[in-house]
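What's in run-v4.cif: mmCIF, C-alpha atoms
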```cif
data_protein
loop_
_atom_site.group_PDB
_atom_site.id
_atom_site.type_symbol
_atom_site.label_atom_id
_atom_site.label_comp_id
_atom_site.auth_asym_id
_atom_site.auth_seq_id
_atom_site.Cartn_x
_atom_site.Cartn_y
_atom_site.Cartn_z
ATOM 1 C CA ARG A 69 46.712 3.673 60.419
ATOM 2 C CA GLY A 70 46.442 7.444 60.280
ATOM 3 C CA SER A 71 48.178 10.611 59.251
ATOM 4 C CA VAL A 72 50.575 12.555 61.468
ATOM 5 C CA PHE A 73 49.010 15.731 60.110
ATOM 6 C CA ARG A 74 46.785 17.503 62.603
ATOM 7 C CA SER A 75 43.042 17.514 62.010
ATOM 8 C CA THR A 76 41.679 21.045 61.927
ATOM 9 C CA SER A 77 37.950 20.658 62.505
ATOM 10 C CA HIS A 78 35.302 18.284 63.711
ATOM 11 C CA ILE A 79 32.429 18.118 61.235
ATOM 12 C CA HIS A 80 30.813 14.728 61.047
ATOM 13 C CA PRO A 81 28.209 13.425 58.580
ATOM 14 C CA VAL A 82 24.895 12.424 60.173
ATOM 15 C CA GLY A 83 22.612 10.797 57.642
ATOM 16 C CA ASN A 84 22.426 13.218 54.707
ATOM 17 C CA THR A 85 23.292 16.263 56.831
ATOM 18 C CA LEU A 86 26.396 17.566 58.568
ATOM 19 C CA GLU A 87 26.647 17.944 62.299
ATOM 20 C CA LEU A 88 29.074 20.498 63.728
ATOM 21 C CA SER A 89 30.637 19.440 67.017
ATOM 22 C CA GLU A 90 33.472 20.980 68.964
ATOM 23 C CA MET A 91 34.616 23.127 66.059
ATOM 24 C CA ALA A 92 38.216 24.218 66.581
ATOM 25 C CA SER A 93 38.507 27.869 67.569
ATOM 26 C CA PRO A 94 40.655 30.203 65.433
ATOM 27 C CA ASN A 95 43.266 30.287 68.175
ATOM 28 C CA GLU A 96 43.400 26.503 68.308
ATOM 29 C CA PHE A 97 43.369 26.220 64.521
ATOM 30 C CA TYR A 98 46.491 28.379 64.158
ATOM 31 C CA SER A 99 48.293 27.137 67.256
ATOM 32 C CA VAL A 100 50.354 24.703 65.197
ATOM 33 C CA SER A 101 52.343 25.719 62.121
ATOM 34 C CA PRO A 102 51.059 23.859 59.061
ATOM 35 C CA ALA A 103 53.206 21.049 57.721
ATOM 36 C CA SER A 104 54.736 21.452 54.295
ATOM 37 C CA ILE A 105 55.541 19.354 51.261
ATOM 38 C CA VAL A 106 58.251 20.811 49.017
ATOM 39 C CA LEU A 107 58.433 19.948 45.323
ATOM 40 C CA PHE A 108 62.052 20.482 44.230
ATOM 41 C CA GLY A 109 62.825 20.074 40.563
ATOM 42 C CA ASP A 110 63.177 21.617 37.112
ATOM 43 C CA SER A 111 60.579 23.053 34.722
ATOM 44 C CA ILE A 112 58.406 19.940 34.947
ATOM 45 C CA THR A 113 57.977 20.748 38.634
ATOM 46 C CA GLN A 114 57.711 24.495 38.060
ATOM 47 C CA TYR A 115 54.822 23.985 35.641
ATOM 48 C CA SER A 116 53.093 21.574 38.029
ATOM 49 C CA PHE A 117 51.076 24.378 39.619
ATOM 50 C CA SER A 118 49.269 25.064 36.353
ATOM 51 C CA VAL A 119 45.627 23.986 36.144
ATOM 52 C CA GLY A 120 45.520 20.205 36.483
ATOM 53 C CA GLY A 121 49.234 19.996 37.226
ATOM 54 C CA PHE A 122 50.483 17.339 39.629
ATOM 55 C CA GLY A 123 51.558 20.006 42.131
ATOM 56 C CA ALA A 124 48.142 21.668 42.053
ATOM 57 C CA ARG A 125 46.535 18.264 42.485
ATOM 58 C CA LEU A 126 48.745 17.522 45.491
ATOM 59 C CA ALA A 127 47.915 20.904 47.029
ATOM 60 C CA ASP A 128 44.220 20.102 46.676
ATOM 61 C CA TYR A 129 44.712 16.579 48.010
ATOM 62 C CA TYR A 130 46.579 17.825 51.095
ATOM 63 C CA GLN A 131 44.278 20.764 51.830
ATOM 64 C CA ARG A 132 44.028 21.487 55.593
ATOM 65 C CA ARG A 133 46.932 19.109 56.215
ATOM 66 C CA ALA A 134 49.989 20.545 54.520
ATOM 67 C CA ASP A 135 51.057 23.473 52.384
ATOM 68 C CA VAL A 136 52.504 22.241 49.094
ATOM 69 C CA ILE A 137 55.411 24.491 48.096
ATOM 70 C CA ASN A 138 56.647 24.656 44.508
ATOM 71 C CA ARG A 139 60.415 24.994 44.196
ATOM 72 C CA GLY A 140 60.621 24.114 40.517
ATOM 73 C CA LEU A 141 63.413 25.879 38.628
ATOM 74 C CA SER A 142 62.970 25.881 34.866
ATOM 75 C CA GLY A 143 66.064 24.817 32.948
ATOM 76 C CA TYR A 144 67.959 23.586 35.997
ATOM 77 C CA ASN A 145 70.068 20.458 36.182
ATOM 78 C CA THR A 146 71.389 18.827 39.358
ATOM 79 C CA GLU A 147 74.592 20.903 39.406
ATOM 80 C CA TRP A 148 72.634 24.142 39.459
ATOM 81 C CA ALA A 149 70.143 22.640 41.913
ATOM 82 C CA VAL A 150 72.906 21.956 44.422
ATOM 83 C CA ALA A 151 74.100 25.556 44.088
ATOM 84 C CA ALA A 152 70.547 26.796 44.751
ATOM 85 C CA LEU A 153 69.809 24.519 47.723
ATOM 86 C CA LYS A 154 70.566 26.990 50.503
ATOM 87 C CA HIS A 155 68.307 29.553 48.837
ATOM 88 C CA VAL A 156 65.285 27.404 47.952
ATOM 89 C CA LEU A 157 65.510 25.213 51.072
ATOM 90 C CA PRO A 158 67.226 27.399 53.680
ATOM 91 C CA ARG A 159 68.442 25.697 56.824
ATOM 92 C CA ASN A 160 66.235 27.866 59.047
ATOM 93 C CA MET A 161 62.969 26.974 57.308
ATOM 94 C CA THR A 162 60.387 24.873 59.105
ATOM 95 C CA GLU A 163 61.277 21.235 58.542
ATOM 96 C CA PRO A 164 59.202 19.898 55.631
ATOM 97 C CA ALA A 165 57.243 16.684 56.054
ATOM 98 C CA LEU A 166 58.336 15.589 52.579
ATOM 99 C CA VAL A 167 60.623 16.795 49.785
ATOM 100 C CA THR A 168 60.281 15.388 46.282
ATOM 101 C CA VAL A 169 63.493 15.536 44.230
ATOM 102 C CA PHE A 170 62.623 15.543 40.530
ATOM 103 C CA PHE A 171 65.667 16.208 38.320
ATOM 104 C CA GLY A 172 67.234 14.595 35.286
ATOM 105 C CA ALA A 173 65.339 15.830 32.241
ATOM 106 C CA ASN A 174 67.999 18.483 31.597
ATOM 107 C CA ASP A 175 70.950 16.487 32.901
ATOM 108 C CA ALA A 176 70.109 13.807 30.338
ATOM 109 C CA SER A 177 70.543 16.175 27.387
ATOM 110 C CA ASP A 178 73.031 15.132 24.722
ATOM 111 C CA ALA A 179 76.553 16.205 25.713
ATOM 112 C CA LYS A 180 77.322 17.698 22.309
ATOM 113 C CA LEU A 181 73.954 19.077 21.288
ATOM 114 C CA ASN A 182 73.112 20.629 24.663
ATOM 115 C CA ALA A 183 76.398 20.948 26.521
ATOM 116 C CA ARG A 184 75.086 23.796 28.697
ATOM 117 C CA GLN A 185 72.490 21.672 30.496
ATOM 118 C CA HIS A 186 74.093 18.244 30.152
ATOM 119 C CA VAL A 187 75.500 16.638 33.292
ATOM 120 C CA PRO A 188 77.509 13.399 32.992
ATOM 121 C CA LEU A 189 75.734 10.358 34.415
ATOM 122 C CA LYS A 190 78.270 9.826 37.217
ATOM 123 C CA THR A 191 78.056 13.492 38.210
ATOM 124 C CA TYR A 192 74.275 13.350 38.109
ATOM 125 C CA LYS A 193 74.263 10.624 40.750
ATOM 126 C CA GLU A 194 76.820 12.514 42.828
ATOM 127 C CA LYS A 195 74.754 15.698 42.747
ATOM 128 C CA LEU A 196 71.568 13.858 43.674
ATOM 129 C CA LYS A 197 73.430 12.458 46.663
ATOM 130 C CA GLU A 198 74.591 15.966 47.609
ATOM 131 C CA ILE A 199 70.963 17.070 47.628
ATOM 132 C CA VAL A 200 70.059 14.144 49.876
ATOM 133 C CA ASP A 201 73.024 14.827 52.193
ATOM 134 C CA TYR A 202 71.943 18.458 52.531
ATOM 135 C CA LEU A 203 68.352 17.513 53.324
ATOM 136 C CA ARG A 204 69.300 14.809 55.806
ATOM 137 C CA SER A 205 71.827 16.967 57.624
ATOM 138 C CA ASN A 206 69.491 19.952 57.987
ATOM 139 C CA PHE A 207 66.044 18.362 58.230
ATOM 140 C CA LYS A 208 66.367 15.238 60.343
ATOM 141 C CA SER A 209 62.783 14.003 60.042
ATOM 142 C CA THR A 210 62.032 15.046 56.466
ATOM 143 C CA ARG A 211 61.030 12.228 54.158
ATOM 144 C CA ILE A 212 62.532 12.210 50.655
ATOM 145 C CA LEU A 213 61.035 10.905 47.431
ATOM 146 C CA PHE A 214 62.992 10.634 44.169
ATOM 147 C CA ILE A 215 61.141 11.100 40.893
ATOM 148 C CA THR A 216 63.015 10.162 37.726
ATOM 149 C CA PRO A 217 62.781 12.051 34.445
ATOM 150 C CA PRO A 218 59.990 10.852 32.162
ATOM 151 C CA PRO A 219 60.805 9.251 28.818
ATOM 152 C CA ILE A 220 61.230 11.382 25.719
ATOM 153 C CA ASP A 221 58.549 11.085 23.064
ATOM 154 C CA GLU A 222 60.908 11.537 20.129
ATOM 155 C CA PRO A 223 58.241 11.969 17.414
ATOM 156 C CA GLY A 224 56.467 14.488 19.637
ATOM 157 C CA ARG A 225 59.713 16.313 20.322
ATOM 158 C CA LEU A 226 60.505 16.555 16.607
ATOM 159 C CA LYS A 227 57.015 17.859 15.926
ATOM 160 C CA TYR A 228 57.475 20.492 18.624
ATOM 161 C CA GLN A 229 60.854 21.488 17.197
ATOM 162 C CA LYS A 230 59.385 22.000 13.738
ATOM 163 C CA SER A 231 56.414 23.967 15.073
ATOM 164 C CA ARG A 232 58.698 26.279 17.043
ATOM 165 C CA TYR A 233 61.584 26.782 14.632
ATOM 166 C CA GLY A 234 59.984 26.101 11.264
ATOM 167 C CA GLN A 235 62.512 25.827 8.462
ATOM 168 C CA LYS A 236 65.334 26.428 10.934
ATOM 169 C CA ALA A 237 64.527 23.191 12.779
ATOM 170 C CA SER A 238 67.579 20.906 12.713
ATOM 171 C CA GLY A 239 65.620 17.650 12.816
ATOM 172 C CA VAL A 240 68.178 16.389 15.335
ATOM 173 C CA LEU A 241 67.083 15.854 18.939
ATOM 174 C CA GLU A 242 69.083 16.994 21.965
ATOM 175 C CA ARG A 243 67.212 14.445 24.113
ATOM 176 C CA SER A 244 66.339 10.785 23.575
ATOM 177 C CA VAL A 245 64.493 7.867 25.144
ATOM 178 C CA LYS A 246 67.819 6.075 25.575
ATOM 179 C CA LEU A 247 69.407 8.887 27.562
ATOM 180 C CA ALA A 248 66.294 9.463 29.676
ATOM 181 C CA SER A 249 66.182 5.755 30.519
ATOM 182 C CA GLU A 250 69.856 5.712 31.557
ATOM 183 C CA TYR A 251 69.414 8.656 33.917
ATOM 184 C CA ALA A 252 66.177 7.238 35.314
ATOM 185 C CA SER A 253 67.954 3.946 36.047
ATOM 186 C CA ALA A 254 70.801 5.826 37.745
ATOM 187 C CA CYS A 255 68.321 7.686 39.940
ATOM 188 C CA GLU A 256 66.556 4.452 40.857
ATOM 189 C CA SER A 257 69.877 2.783 41.660
ATOM 190 C CA LEU A 258 70.871 5.643 43.947
ATOM 191 C CA GLY A 259 67.492 5.478 45.646
ATOM 192 C CA ASP A 260 68.103 1.806 46.399
ATOM 193 C CA GLU A 261 71.544 2.639 47.827
ATOM 194 C CA LEU A 262 70.251 5.458 50.015
ATOM 195 C CA LYS A 263 66.996 3.744 51.029
ATOM 196 C CA ILE A 264 64.895 6.400 49.309
ATOM 197 C CA PRO A 265 61.667 5.485 47.490
ATOM 198 C CA VAL A 266 61.746 6.171 43.755
ATOM 199 C CA VAL A 267 58.959 6.901 41.292
ATOM 200 C CA ASN A 268 60.540 5.743 38.034
ATOM 201 C CA LEU A 269 58.379 7.623 35.562
ATOM 202 C CA CYS A 270 60.484 6.544 32.609
ATOM 203 C CA LYS A 271 60.067 2.848 33.309
ATOM 204 C CA MET A 272 56.395 3.171 34.217
ATOM 205 C CA MET A 273 55.381 5.246 31.213
ATOM 206 C CA LEU A 274 57.350 3.143 28.739
ATOM 207 C CA LYS A 275 55.182 0.156 29.636
ATOM 208 C CA GLU A 276 52.519 1.738 27.437
ATOM 209 C CA LYS A 277 52.916 1.844 23.662
ATOM 210 C CA ASP A 278 51.222 5.226 23.431
ATOM 211 C CA TYR A 279 53.225 6.804 26.245
ATOM 212 C CA GLY A 280 53.486 9.982 24.170
ATOM 213 C CA LYS A 281 50.037 10.891 25.499
ATOM 214 C CA TYR A 282 51.740 11.782 28.786
ATOM 215 C CA LEU A 283 53.903 14.479 27.164
ATOM 216 C CA ASN A 284 52.690 17.615 25.413
ATOM 217 C CA ASP A 285 55.915 18.524 23.580
ATOM 218 C CA GLY A 286 57.820 15.278 23.852
ATOM 219 C CA LEU A 287 59.357 16.418 27.161
ATOM 220 C CA HIS A 288 56.961 18.234 29.497
ATOM 221 C CA LEU A 289 53.831 16.707 30.966
ATOM 222 C CA SER A 290 50.441 16.812 29.296
ATOM 223 C CA PRO A 291 47.250 16.976 31.395
ATOM 224 C CA GLU A 292 47.153 13.173 31.312
ATOM 225 C CA GLY A 293 50.820 13.027 32.271
ATOM 226 C CA ASN A 294 50.268 15.333 35.227
ATOM 227 C CA LYS A 295 47.463 13.112 36.476
ATOM 228 C CA PHE A 296 49.715 10.067 36.058
ATOM 229 C CA VAL A 297 52.493 11.701 38.095
ATOM 230 C CA PHE A 298 50.082 12.803 40.826
ATOM 231 C CA GLU A 299 48.658 9.296 41.173
ATOM 232 C CA SER A 300 52.167 7.807 41.193
ATOM 233 C CA ILE A 301 53.338 10.173 43.942
ATOM 234 C CA LYS A 302 50.207 9.487 45.967
ATOM 235 C CA GLU A 303 50.769 5.731 45.662
ATOM 236 C CA ALA A 304 54.441 6.043 46.633
ATOM 237 C CA ILE A 305 53.516 8.019 49.752
ATOM 238 C CA GLN A 306 50.896 5.433 50.718
ATOM 239 C CA ASN A 307 53.379 2.597 50.219
ATOM 240 C CA HIS A 308 56.451 4.110 51.846
ATOM 241 C CA TYR A 309 55.347 7.042 54.030
ATOM 242 C CA HIS A 310 51.926 5.936 55.210
ATOM 243 C CA ASP A 311 52.128 8.250 58.242
ATOM 244 C CA ILE A 312 51.714 11.288 55.945
ATOM 245 C CA ALA A 313 49.305 9.628 53.528
ATOM 246 C CA VAL A 314 45.741 10.867 53.210
ATOM 247 C CA TYR A 315 42.916 8.398 53.770
ATOM 248 C CA PRO A 316 39.408 9.337 52.591
ATOM 249 C CA CYS A 317 36.391 9.596 54.829
ATOM 250 C CA LYS A 318 34.797 6.175 55.215
ATOM 251 C CA ASP A 319 31.303 7.639 54.852
ATOM 252 C CA THR A 320 31.734 10.107 51.976
ATOM 253 C CA GLY A 321 34.952 9.009 50.260
ATOM 254 C CA ALA A 322 36.113 12.633 50.381
ATOM 255 C CA THR A 323 39.750 13.471 51.250
ATOM 256 C CA GLY A 324 39.097 17.063 52.315
ATOM 257 C CA SER A 325 36.420 16.477 54.939
ATOM 258 C CA SER A 326 36.947 16.123 58.661
ATOM 259 C CA GLY A 327 36.108 12.449 58.367
ATOM 260 C CA SER A 328 39.267 11.850 56.384
ATOM 261 C CA THR A 329 42.593 11.159 58.084
#
```

Let's see the structure in the file written out as structure tokens.
Amino acid sequence: RGSVFRSTSHIHPVGNTLELSEMASPNEFYSVSPASIVLFGDSITQYSFSVGGFGARLADYYQRRADVINRGLSGYNTEWAVAALKHVLPRNMTEPALVTVFFGANDASDAKLNARQHVPLKTYKEKLKEIVDYLRSNFKSTRILFITPPPIDEPGRLKYQKSRYGQKASGVLERSVKLASEYASACESLGDELKIPVVNLCKMMLKEKDYGKYLNDGLHLSPEGNKFVFESIKEAIQNHYHDIAVYPCKDTGATGSSGST
């Protein structure tokens, strides 16, 4: 067991002190380009670099091992994501160790109430596959992880609507738990077909009666929701891509020390 990521120093705990041995020189330290993990998604991903966000947590977790790159595009659905692929993940970039693909929250909008962002279910699956085809054809060794849209907290979404629009609030939601669940299931089904691990946030969160705690406006992640997503991604990597997983130091339990792998 161990990570493919290169260790960058040799500091070992001795009793309650630290012993420095064979510290890597600056030239050695920078002799290998750092690995990268790319987070590709919509606003939920874009906001993940905020304090306590799942992207920020991943960046901290993978410190010294990989640069976590945020390619979240607020408002985007899978159709627009495909159009942006060559710009956000250019073919000549260094091959990422992992790309997370986290779309569906906008695709799953109601076709009549939010026609601009809505993508039909069949098309959603087709566009996800196009993203996978692009990644696999250009980055042969890159691992892919699907993340489904989270559920919609309908009471929370209505509350947000009223707080934002006041008397102009329609009281009608452009998103629903039912639609989110259908798109999450479609993503999971495609993952099974393409042999890609899937973090089904919708299914996982709905197991809890008070799942609204994971969403701060009925749609985007709350601090608790960001922690939930981070832990779910970490678990998926450990289960399916153990070669890029992080294992804490046996002596200190820390993941950022040289004793970790």

Picked residues, the PyMOL selection byres ((chain A and resi 152) around 12), expected as a list in words: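 Here the PyMOL selection byres ((chain A and resi 152) around 12) matches Phe108, Gly109, Asp110, Arg139, Gly140, Leu141, Tyr144, Asn145, Thr146, Glu147, Trp148, Ala149, Val150, Ala151, Leu153, Lys154, His155, Val156, Leu157, Pro158, Glu198, Ile199 and Tyr202 of chain A.
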
Save the residues we just selected, C-alpha atoms, as an mmCIF file, in the frame of the given file?
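Final output, saved to part-v1.cif:
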```cif
data_model
loop_
_atom_site.group_PDB
_atom_site.id
_atom_site.type_symbol
_atom_site.label_atom_id
_atom_site.label_comp_id
_atom_site.auth_asym_id
_atom_site.auth_seq_id
_atom_site.Cartn_x
_atom_site.Cartn_y
_atom_site.Cartn_z
ATOM 1 C CA PHE A 108 62.052 20.482 44.230
ATOM 2 C CA GLY A 109 62.825 20.074 40.563
ATOM 3 C CA ASP A 110 63.177 21.617 37.112
ATOM 4 C CA ARG A 139 60.415 24.994 44.196
ATOM 5 C CA GLY A 140 60.621 24.114 40.517
ATOM 6 C CA LEU A 141 63.413 25.879 38.628
ATOM 7 C CA TYR A 144 67.959 23.586 35.997
ATOM 8 C CA ASN A 145 70.068 20.458 36.182
ATOM 9 C CA THR A 146 71.389 18.827 39.358
ATOM 10 C CA GLU A 147 74.592 20.903 39.406
ATOM 11 C CA TRP A 148 72.634 24.142 39.459
ATOM 12 C CA ALA A 149 70.143 22.640 41.913
ATOM 13 C CA VAL A 150 72.906 21.956 44.422
ATOM 14 C CA ALA A 151 74.100 25.556 44.088
ATOM 15 C CA LEU A 153 69.809 24.519 47.723
ATOM 16 C CA LYS A 154 70.566 26.990 50.503
ATOM 17 C CA HIS A 155 68.307 29.553 48.837
ATOM 18 C CA VAL A 156 65.285 27.404 47.952
ATOM 19 C CA LEU A 157 65.510 25.213 51.072
ATOM 20 C CA PRO A 158 67.226 27.399 53.680
ATOM 21 C CA GLU A 198 74.591 15.966 47.609
ATOM 22 C CA ILE A 199 70.963 17.070 47.628
ATOM 23 C CA TYR A 202 71.943 18.458 52.531
#
```

Å distance separating CA of Phe207 in chain A from CA of Ala165 in chain A, one decimal place: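 Interatomic distance, CA of Phe207 in chain A to CA of Ala165 in chain A: 9.2 Å.
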
Nearest to Arg243 in chain A, chosen from A:Pro265, A:Gly121, A:Pro219, A:Gly259, with all atoms listed in the file counted in the distances: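 Result for the nearest residue to Arg243 in chain A: A:Pro219.
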
Nearest-residue call for Ser253 in chain A, choices A:Leu269, A:Leu203, A:Val119, A:Leu241, using only C-alpha atoms: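 The answer is A:Leu269, which sits nearest to Ser253 in chain A.
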
Selection: 7 Å around range 179-194 of chain A, all atoms listed in the file, excl. self and same-chain fewer than 6 positions, as JSON, numbers by chain: {"A": [145, 146, 242, 251, 254, 255, 258]}
